[in-house]
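Structure below is data_27.tsv: TSV, C-alpha atoms.
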```
chain	number	residue	atom	x	y	z
W	19	MET	CA	-22.49	6.40	-3.80
W	20	ASN	CA	-25.81	8.18	-4.22
W	21	PRO	CA	-26.79	9.49	-7.70
W	22	VAL	CA	-26.28	13.16	-6.83
W	23	ALA	CA	-22.76	12.48	-5.55
W	24	LEU	CA	-22.02	10.49	-8.72
W	25	VAL	CA	-23.07	13.41	-10.90
W	26	GLN	CA	-21.00	15.82	-8.83
W	27	ALA	CA	-17.98	13.50	-9.06
W	28	TRP	CA	-18.36	13.42	-12.85
W	29	TRP	CA	-18.64	17.22	-12.95
W	30	ALA	CA	-15.54	17.64	-10.79
W	31	LYS	CA	-13.52	15.31	-13.01
W	32	GLN	CA	-14.53	17.29	-16.10
W	33	HIS	CA	-14.13	20.82	-14.74
W	34	ILE	CA	-11.47	20.92	-12.00
W	35	THR	CA	-7.97	21.49	-13.34
W	36	LEU	CA	-5.45	20.35	-10.76
W	37	ALA	CA	-2.27	22.32	-10.20
W	38	LYS	CA	0.86	20.64	-11.50
W	39	GLU	CA	3.74	19.70	-9.24
W	40	PRO	CA	5.51	23.02	-8.58
W	41	PRO	CA	9.09	23.66	-9.64
W	42	GLY	CA	11.96	23.98	-7.22
W	43	SER	CA	14.25	21.76	-5.22
W	44	ARG	CA	12.65	18.82	-3.44
W	45	GLN	CA	15.08	19.04	-0.57
W	46	GLY	CA	16.18	21.68	1.88
W	47	LEU	CA	17.22	22.55	5.42
W	48	CYS	CA	15.10	24.20	8.12
W	49	SER	CA	16.74	25.50	11.29
W	50	PRO	CA	15.13	26.17	14.68
W	51	PRO	CA	14.36	29.82	15.41
W	52	ASP	CA	16.62	30.07	18.46
W	53	GLN	CA	19.31	27.73	19.82
W	54	GLY	CA	20.39	24.50	18.16
W	55	ARG	CA	21.16	25.72	14.65
W	56	ASP	CA	24.67	24.24	14.76
W	57	LEU	CA	23.51	20.77	15.81
W	58	GLU	CA	23.50	17.78	13.47
W	59	PRO	CA	20.33	17.92	11.34
W	60	LEU	CA	17.62	15.32	11.58
W	61	THR	CA	16.91	13.84	8.15
W	62	MET	CA	13.26	13.56	7.10
W	63	LEU	CA	11.87	12.09	3.89
W	64	VAL	CA	8.17	12.38	3.03
W	65	VAL	CA	6.79	9.92	0.48
W	66	GLY	CA	3.36	10.18	-1.05
W	67	ASP	CA	0.86	12.15	-3.11
W	68	SER	CA	0.30	15.72	-4.29
W	69	MET	CA	0.49	17.08	-0.75
W	70	ALA	CA	3.96	15.58	-0.39
W	71	VAL	CA	5.11	17.48	-3.49
W	72	GLY	CA	3.30	20.74	-2.71
W	73	CYS	CA	0.68	20.95	-5.44
W	74	GLY	CA	-1.26	24.19	-5.04
W	75	VAL	CA	1.70	26.54	-4.51
W	76	LYS	CA	4.19	28.12	-6.90
W	77	ASP	CA	7.40	26.56	-5.59
W	78	GLN	CA	8.41	23.48	-3.61
W	79	SER	CA	9.79	25.72	-0.85
W	80	GLN	CA	6.22	26.86	-0.10
W	81	GLY	CA	4.83	23.34	0.24
W	82	PHE	CA	3.70	21.02	2.99
W	83	VAL	CA	7.00	19.23	3.60
W	84	PRO	CA	9.26	22.25	4.25
W	85	ASP	CA	6.53	23.61	6.54
W	86	ILE	CA	6.52	20.34	8.48
W	87	ALA	CA	10.31	20.51	8.65
W	88	ALA	CA	10.21	24.08	10.01
W	89	CYS	CA	7.68	23.17	12.70
W	90	LEU	CA	9.56	20.00	13.59
W	91	ALA	CA	12.87	21.89	13.84
W	92	ALA	CA	11.25	24.30	16.27
W	93	ARG	CA	9.84	21.46	18.38
W	94	LEU	CA	13.10	19.47	18.38
W	95	GLY	CA	15.36	22.48	18.79
W	96	ARG	CA	17.64	21.29	15.95
W	97	PRO	CA	17.78	21.57	12.17
W	98	VAL	CA	15.75	19.28	9.94
W	99	SER	CA	17.04	18.29	6.52
W	100	TRP	CA	13.95	17.48	4.43
W	101	SER	CA	13.31	15.80	1.09
W	102	THR	CA	10.27	14.54	-0.78
W	103	GLN	CA	9.42	11.67	-3.10
W	104	GLY	CA	5.92	11.81	-4.53
W	105	ARG	CA	3.61	12.40	-7.43
W	106	LEU	CA	0.32	14.09	-8.21
W	107	GLY	CA	-2.41	11.43	-8.09
W	108	ALA	CA	-0.31	8.83	-6.24
W	109	THR	CA	-2.16	6.20	-4.22
W	110	ILE	CA	-0.76	4.14	-1.36
W	111	ARG	CA	-0.31	1.36	-3.92
W	112	ARG	CA	2.18	3.49	-5.85
W	113	VAL	CA	3.94	4.27	-2.57
W	114	ARG	CA	4.15	0.53	-1.89
W	115	TYR	CA	5.32	-0.67	-5.28
W	116	ARG	CA	7.16	2.32	-6.79
W	117	PHE	CA	8.40	4.87	-4.30
W	118	LEU	CA	9.51	2.83	-1.30
W	119	PRO	CA	11.40	0.08	-3.19
W	120	ALA	CA	13.35	2.76	-5.09
W	121	LEU	CA	14.55	4.67	-2.01
W	122	GLN	CA	18.31	4.76	-1.52
W	123	ASP	CA	18.52	7.00	1.53
W	124	HIS	CA	17.95	5.87	5.12
W	125	PRO	CA	16.43	8.93	6.83
W	126	ASP	CA	15.94	9.39	10.54
W	127	LEU	CA	12.22	9.90	9.88
W	128	LEU	CA	10.29	8.42	6.96
W	129	VAL	CA	6.78	9.85	6.59
W	130	LEU	CA	4.00	8.22	4.55
W	131	CYS	CA	1.56	10.81	3.18
W	132	ALA	CA	-1.26	9.37	1.04
W	133	GLY	CA	-4.93	8.50	1.13
W	134	SER	CA	-7.03	11.08	-0.71
W	135	ASN	CA	-6.40	9.56	-4.14
W	136	ASP	CA	-7.31	6.11	-2.88
W	137	ILE	CA	-10.69	7.51	-1.85
W	138	MET	CA	-11.26	9.31	-5.15
W	139	ALA	CA	-10.22	6.16	-7.07
W	140	ASN	CA	-12.89	4.13	-5.22
W	141	ARG	CA	-10.34	1.74	-3.77
W	142	THR	CA	-11.82	-0.50	-1.09
W	143	ASP	CA	-11.09	-0.44	2.62
W	144	GLU	CA	-9.49	-3.87	2.25
W	145	GLN	CA	-7.16	-2.63	-0.49
W	146	TRP	CA	-6.20	0.35	1.65
W	147	ARG	CA	-5.56	-1.85	4.66
W	148	ASP	CA	-3.36	-4.31	2.75
W	149	ASP	CA	-1.30	-1.70	0.91
W	150	LEU	CA	-0.84	0.52	3.98
W	151	ALA	CA	0.29	-2.42	6.13
W	152	ALA	CA	2.75	-3.55	3.45
W	153	SER	CA	4.03	0.01	2.96
W	154	ILE	CA	4.69	0.39	6.67
W	155	GLU	CA	6.71	-2.82	6.76
W	156	LEU	CA	8.76	-1.63	3.78
W	157	ALA	CA	9.22	1.78	5.38
W	158	LYS	CA	10.58	0.21	8.56
W	159	ASN	CA	13.49	-1.11	6.50
W	160	LYS	CA	14.06	2.26	4.85
W	161	GLY	CA	13.86	4.71	7.77
W	162	ARG	CA	14.94	4.70	11.40
W	163	GLN	CA	11.51	5.93	12.48
W	164	VAL	CA	8.22	5.79	10.54
W	165	LEU	CA	5.25	8.16	10.79
W	166	VAL	CA	1.94	7.81	8.94
W	167	LEU	CA	-0.23	10.83	8.16
W	168	SER	CA	-3.97	10.76	7.57
W	169	SER	CA	-5.44	12.00	4.32
W	170	GLY	CA	-6.19	15.70	4.05
W	171	GLN	CA	-9.51	17.44	4.56
W	172	LEU	CA	-10.78	16.87	1.04
W	173	TYR	CA	-14.35	16.70	2.29
W	174	ARG	CA	-14.17	20.42	3.10
W	175	ASP	CA	-13.05	21.43	-0.39
W	176	PRO	CA	-15.50	24.04	-1.77
W	177	ALA	CA	-14.67	22.92	-5.32
W	178	LEU	CA	-16.69	19.75	-4.68
W	179	GLY	CA	-20.46	19.54	-4.50
W	180	ARG	CA	-22.20	19.13	-1.15
W	181	ALA	CA	-23.36	15.53	-1.73
W	182	LEU	CA	-19.89	14.53	-2.94
W	183	ARG	CA	-18.25	16.17	0.08
W	184	ALA	CA	-20.56	14.20	2.37
W	185	GLU	CA	-19.64	10.94	0.63
W	186	VAL	CA	-15.93	11.77	0.78
W	187	GLU	CA	-16.27	12.60	4.48
W	188	ARG	CA	-17.76	9.16	5.17
W	189	ARG	CA	-14.99	7.46	3.25
W	190	ILE	CA	-12.26	9.44	5.00
W	191	ALA	CA	-13.73	8.49	8.36
W	192	ARG	CA	-13.59	4.79	7.45
W	193	GLN	CA	-10.10	5.11	6.03
W	194	THR	CA	-8.88	6.93	9.14
W	195	GLN	CA	-10.28	4.23	11.41
W	196	THR	CA	-8.55	1.56	9.33
W	197	SER	CA	-5.26	3.48	9.32
W	198	ARG	CA	-5.32	3.90	13.07
W	199	GLN	CA	-5.76	0.15	13.57
W	200	VAL	CA	-3.09	-0.78	11.01
W	201	CYS	CA	-0.60	1.61	12.61
W	202	GLN	CA	-1.43	0.32	16.08
W	203	ASP	CA	-0.81	-3.26	14.94
W	204	ALA	CA	2.48	-2.19	13.35
W	205	SER	CA	3.56	-0.13	16.39
W	206	VAL	CA	4.07	3.07	14.38
W	207	PRO	CA	2.53	6.47	15.20
W	208	PHE	CA	-0.41	7.75	13.20
W	209	VAL	CA	-1.33	11.43	12.99
W	210	ASP	CA	-5.00	12.11	12.32
W	211	ALA	CA	-5.47	15.66	11.05
W	212	THR	CA	-8.81	15.12	9.33
W	213	ARG	CA	-10.93	16.97	11.89
W	214	ASP	CA	-8.76	19.80	13.18
W	215	ASP	CA	-9.68	23.39	12.47
W	216	VAL	CA	-7.00	24.51	10.02
W	217	GLY	CA	-9.02	27.32	8.51
W	218	THR	CA	-10.46	25.56	5.47
W	219	ASP	CA	-13.33	28.06	5.59
W	220	ARG	CA	-10.91	30.95	5.02
W	221	PRO	CA	-10.05	32.08	1.47
W	222	ASP	CA	-6.30	31.97	2.13
W	223	PHE	CA	-6.37	28.21	2.82
W	224	TRP	CA	-6.82	27.11	-0.78
W	225	GLY	CA	-4.13	27.10	-3.43
W	226	ILE	CA	-3.89	28.31	-7.00
W	227	ASP	CA	-6.18	25.54	-8.29
W	228	HIS	CA	-8.78	26.07	-5.53
W	229	PHE	CA	-8.46	22.35	-4.78
W	230	HIS	CA	-5.14	21.82	-3.01
W	231	PRO	CA	-4.02	23.88	-0.01
W	232	GLY	CA	-2.05	27.04	-0.68
W	233	VAL	CA	0.84	28.64	1.18
W	234	GLU	CA	-1.15	29.47	4.31
W	235	GLY	CA	-3.13	26.23	4.14
W	236	TYR	CA	-0.01	24.09	4.11
W	237	ARG	CA	1.51	26.17	6.90
W	238	ARG	CA	-1.47	25.62	9.19
W	239	MET	CA	-1.73	21.95	8.30
W	240	ALA	CA	1.97	21.42	9.04
W	241	ALA	CA	1.64	23.07	12.44
W	242	CYS	CA	-1.32	20.81	13.17
W	243	VAL	CA	0.57	17.67	12.13
W	244	VAL	CA	3.69	18.43	14.16
W	245	ASP	CA	1.60	19.36	17.19
W	246	HIS	CA	0.00	15.88	17.01
W	247	ILE	CA	3.28	13.92	16.79
W	248	PRO	CA	3.51	11.87	20.00
W	249	GLN	CA	6.15	12.97	22.48
W	250	ASP	CA	7.60	9.46	22.50
W	251	LEU	CA	8.50	9.83	18.82
W	252	ILE	CA	9.89	13.32	19.42
W	253	ASN	CA	12.15	11.85	22.11
W	254	GLN	CA	13.32	9.11	19.75
W	255	LEU	CA	14.00	11.63	16.99
W	256	SER	CA	16.04	13.73	19.39
W	257	VAL	CA	18.23	10.70	20.09
W	258	SER	CA	18.54	9.92	16.36
W	259	ALA	CA	19.62	13.46	15.61
W	260	ARG	CA	22.35	13.33	18.24
W	261	SER	CA	23.73	9.91	17.23
```

Please, can you express the file's structure as structure tokens?
Amino acid sequence: MNPVALVQAWWAKQHITLAKEPPGSRQGLCSPPDQGRDLEPLTMLVVGDSMAVGCGVKDQSQGFVPDIAACLAARLGRPVSWSTQGRLGATIRRVRYRFLPALQDHPDLLVLCAGSNDIMANRTDEQWRDDLAASIELAKNKGRQVLVLSSGQLYRDPALGRALRAEVERRIARQTQTSRQVCQDASVPFVDATRDDVGTDRPDFWGIDHFHPGVEGYRRMAACVVDHIPQDLINQLSVSARS
């Protein structure tokens, strides 16, 4: 990391106060807007970092996961019962060793949502590769279908200095390339939402800490993620929801 980026990283650590995990229930039900509300719900569990638990908004119901569930319900045409298991600051290593082994449920769709904290913690590409691969194998035994999400668009965060954003962007690009290969080897779908235009340049994207997404930011990110889910997985989820 170049000296300017190092200084900006130090400044960010000293001056940015991250929003705490918001209150509210970490589970809920989202129904499709039209037909299909009386069908058996698909169960979805999202495991991961601060995005999984909606940091940046005032209540869990306004977070990333219920927004994903709402978009997925609309695409499937059936209700989605969602829940989350995560923590502010969680890395993929915590997902591997803490969250996944402790899961008791067996959801139709298990989503892994981590990556940004691994970058900020200076974890190596090799560490990311090993922990992601191991997490996917664990997840396969915990959920009927597994989906891996890319990290968020941290490199576009205006709370970070320009040099630091450029460094983070390079690291996210490497991490995304690694994730794509790991998921391909494991035969699980990977959604890359690191480059899509989700309105990060608009004031309404950022949350109450000006670091995490806010209500509108999560809503646009969720729509982007669900739009990128491969149709093959959507077909499999439709079968799971009916069985």

Practice problem: Calculate how many Å separate atom CA of W:Gly170 from atom CA of W:Ala120, rounding to one decimal. | Solution: 25.2 Å

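A straight line drawn from atom CA of W:Leu130 to atom CA of W:Trp28 is 28.8 Å long.
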
Considering all atoms listed in the file, return as an mmCIF file with C-alpha atoms, in the frame of the given file whatever protein or nucleic-acid residues lie within 10 Å of stretch 32-43 of chain W, sequence-local ones (same chain, fewer than 3 positions apart) excluded.
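To be explicit, this is the file written out as out-v4.cif:
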```cif
data_model
loop_
_atom_site.group_PDB
_atom_site.id
_atom_site.type_symbol
_atom_site.label_atom_id
_atom_site.label_comp_id
_atom_site.auth_asym_id
_atom_site.auth_seq_id
_atom_site.Cartn_x
_atom_site.Cartn_y
_atom_site.Cartn_z
ATOM 1 C CA GLN W 26 -21.000 15.820 -8.830
ATOM 2 C CA ALA W 27 -17.980 13.500 -9.060
ATOM 3 C CA TRP W 28 -18.360 13.420 -12.850
ATOM 4 C CA TRP W 29 -18.640 17.220 -12.950
ATOM 5 C CA GLY W 46 16.180 21.680 1.880
ATOM 6 C CA SER W 68 0.300 15.720 -4.290
ATOM 7 C CA MET W 69 0.490 17.080 -0.750
ATOM 8 C CA ALA W 70 3.960 15.580 -0.390
ATOM 9 C CA VAL W 71 5.110 17.480 -3.490
ATOM 10 C CA GLY W 72 3.300 20.740 -2.710
ATOM 11 C CA CYS W 73 0.680 20.950 -5.440
ATOM 12 C CA GLY W 74 -1.260 24.190 -5.040
ATOM 13 C CA VAL W 75 1.700 26.540 -4.510
ATOM 14 C CA LYS W 76 4.190 28.120 -6.900
ATOM 15 C CA ASP W 77 7.400 26.560 -5.590
ATOM 16 C CA GLN W 78 8.410 23.480 -3.610
ATOM 17 C CA SER W 79 9.790 25.720 -0.850
ATOM 18 C CA GLN W 80 6.220 26.860 -0.100
ATOM 19 C CA GLY W 81 4.830 23.340 0.240
ATOM 20 C CA SER W 101 13.310 15.800 1.090
ATOM 21 C CA THR W 102 10.270 14.540 -0.780
ATOM 22 C CA GLY W 104 5.920 11.810 -4.530
ATOM 23 C CA ARG W 105 3.610 12.400 -7.430
ATOM 24 C CA LEU W 106 0.320 14.090 -8.210
ATOM 25 C CA GLY W 107 -2.410 11.430 -8.090
ATOM 26 C CA ALA W 177 -14.670 22.920 -5.320
ATOM 27 C CA LEU W 178 -16.690 19.750 -4.680
ATOM 28 C CA GLY W 225 -4.130 27.100 -3.430
ATOM 29 C CA ILE W 226 -3.890 28.310 -7.000
ATOM 30 C CA ASP W 227 -6.180 25.540 -8.290
ATOM 31 C CA HIS W 228 -8.780 26.070 -5.530
ATOM 32 C CA PHE W 229 -8.460 22.350 -4.780
ATOM 33 C CA HIS W 230 -5.140 21.820 -3.010
#
```

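Counting only C-alpha atoms and comparing W:Glu155, W:Asp56, W:Asp203, W:Asp126, the residue that lies closest to W:Gln254 is W:Asp126.
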
Practice problem: Go ahead and find all residues with at least one atom no further than 12 Å from (3.0, -1.4, 3.8) in the file's coordinates, using all atoms listed in the file; report them as number ranges by chain. | Solution: W: 110-119, 130, 132, 145-160, 164, 166, 197, 200-201, 203-204, 206

Practice problem: Could you give me, as a ChimeraX atom specification, the residues within 12 Å of W:Asp52, counting all atoms listed in the file and dropping anything in the same chain fewer than 6 positions from it? | Solution: /W:91-97

Let me see the file: selected residues, C-alpha atoms, as a PDB file, in the frame of the given file.
```
ATOM      1  CA  ALA W  91      12.870  21.890  13.840  1.00  0.00           C
ATOM      2  CA  ALA W  92      11.250  24.300  16.270  1.00  0.00           C
ATOM      3  CA  ARG W  93       9.840  21.460  18.380  1.00  0.00           C
ATOM      4  CA  LEU W  94      13.100  19.470  18.380  1.00  0.00           C
ATOM      5  CA  GLY W  95      15.360  22.480  18.790  1.00  0.00           C
ATOM      6  CA  ARG W  96      17.640  21.290  15.950  1.00  0.00           C
ATOM      7  CA  PRO W  97      17.780  21.570  12.170  1.00  0.00           C
TER       8      PRO W  97
END
```

Where atoms are absent from stretch 214-234 of chain W, fill them in so it carries N, CA, C and O atoms, then output it as a short mmCIF file (atom, residue, chain, number, x, y, z; two decimals), in the frame of the given file.
```
data_model
loop_
_atom_site.label_atom_id
_atom_site.label_comp_id
_atom_site.auth_asym_id
_atom_site.auth_seq_id
_atom_site.Cartn_x
_atom_site.Cartn_y
_atom_site.Cartn_z
N ASP W 214 -9.23 18.58 12.53
CA ASP W 214 -8.76 19.80 13.18
C ASP W 214 -9.18 21.04 12.39
O ASP W 214 -9.32 21.01 11.16
N ASP W 215 -9.35 22.12 13.10
CA ASP W 215 -9.68 23.39 12.47
C ASP W 215 -8.39 24.03 11.94
O ASP W 215 -7.60 24.58 12.71
N VAL W 216 -8.18 23.91 10.64
CA VAL W 216 -7.00 24.51 10.02
C VAL W 216 -7.39 25.64 9.08
O VAL W 216 -6.62 26.05 8.21
N GLY W 217 -8.59 26.15 9.27
CA GLY W 217 -9.02 27.32 8.51
C GLY W 217 -9.43 27.04 7.09
O GLY W 217 -9.24 27.90 6.21
N THR W 218 -10.02 25.86 6.84
CA THR W 218 -10.46 25.56 5.47
C THR W 218 -11.59 26.47 5.01
O THR W 218 -11.86 26.57 3.80
N ASP W 219 -12.25 27.14 5.94
CA ASP W 219 -13.33 28.06 5.59
C ASP W 219 -12.80 29.45 5.25
O ASP W 219 -13.59 30.33 4.87
N ARG W 220 -11.49 29.66 5.34
CA ARG W 220 -10.91 30.95 5.02
C ARG W 220 -10.35 30.94 3.60
O ARG W 220 -9.79 29.94 3.15
N PRO W 221 -10.50 32.04 2.87
CA PRO W 221 -10.05 32.08 1.47
C PRO W 221 -8.56 31.80 1.30
O PRO W 221 -8.15 31.29 0.25
N ASP W 222 -7.75 32.15 2.30
CA ASP W 222 -6.30 31.97 2.13
C ASP W 222 -5.86 30.53 2.30
O ASP W 222 -4.67 30.21 2.12
N PHE W 223 -6.77 29.61 2.66
CA PHE W 223 -6.37 28.21 2.82
C PHE W 223 -6.08 27.55 1.48
O PHE W 223 -5.13 26.78 1.37
N TRP W 224 -6.87 27.87 0.47
CA TRP W 224 -6.82 27.11 -0.78
C TRP W 224 -5.78 27.66 -1.74
O TRP W 224 -5.49 28.85 -1.76
N GLY W 225 -5.22 26.76 -2.54
CA GLY W 225 -4.13 27.10 -3.43
C GLY W 225 -4.58 27.64 -4.78
O GLY W 225 -5.75 27.99 -4.98
N ILE W 226 -3.66 27.67 -5.71
CA ILE W 226 -3.89 28.31 -7.00
C ILE W 226 -4.90 27.56 -7.85
O ILE W 226 -5.47 28.13 -8.78
N ASP W 227 -5.17 26.29 -7.54
CA ASP W 227 -6.18 25.54 -8.29
C ASP W 227 -7.51 25.45 -7.54
O ASP W 227 -8.45 24.81 -8.00
N HIS W 228 -7.58 26.10 -6.37
CA HIS W 228 -8.78 26.07 -5.53
C HIS W 228 -9.19 24.64 -5.15
O HIS W 228 -10.36 24.38 -4.85
N PHE W 229 -8.21 23.75 -5.14
CA PHE W 229 -8.46 22.35 -4.78
C PHE W 229 -7.46 21.88 -3.73
O PHE W 229 -7.83 21.30 -2.71
N HIS W 230 -6.19 22.12 -3.99
CA HIS W 230 -5.14 21.82 -3.01
C HIS W 230 -4.97 22.99 -2.05
O HIS W 230 -5.37 24.12 -2.37
N PRO W 231 -4.36 22.76 -0.90
CA PRO W 231 -4.02 23.88 -0.01
C PRO W 231 -3.03 24.83 -0.69
O PRO W 231 -2.29 24.44 -1.60
N GLY W 232 -3.03 26.06 -0.23
CA GLY W 232 -2.05 27.04 -0.68
C GLY W 232 -0.99 27.26 0.38
O GLY W 232 -0.82 26.45 1.30
N VAL W 233 -0.27 28.36 0.27
CA VAL W 233 0.84 28.64 1.18
C VAL W 233 0.37 28.64 2.63
O VAL W 233 0.95 27.95 3.49
N GLU W 234 -0.66 29.39 2.94
CA GLU W 234 -1.15 29.47 4.31
C GLU W 234 -1.81 28.17 4.74
O GLU W 234 -1.72 27.74 5.90
#
```
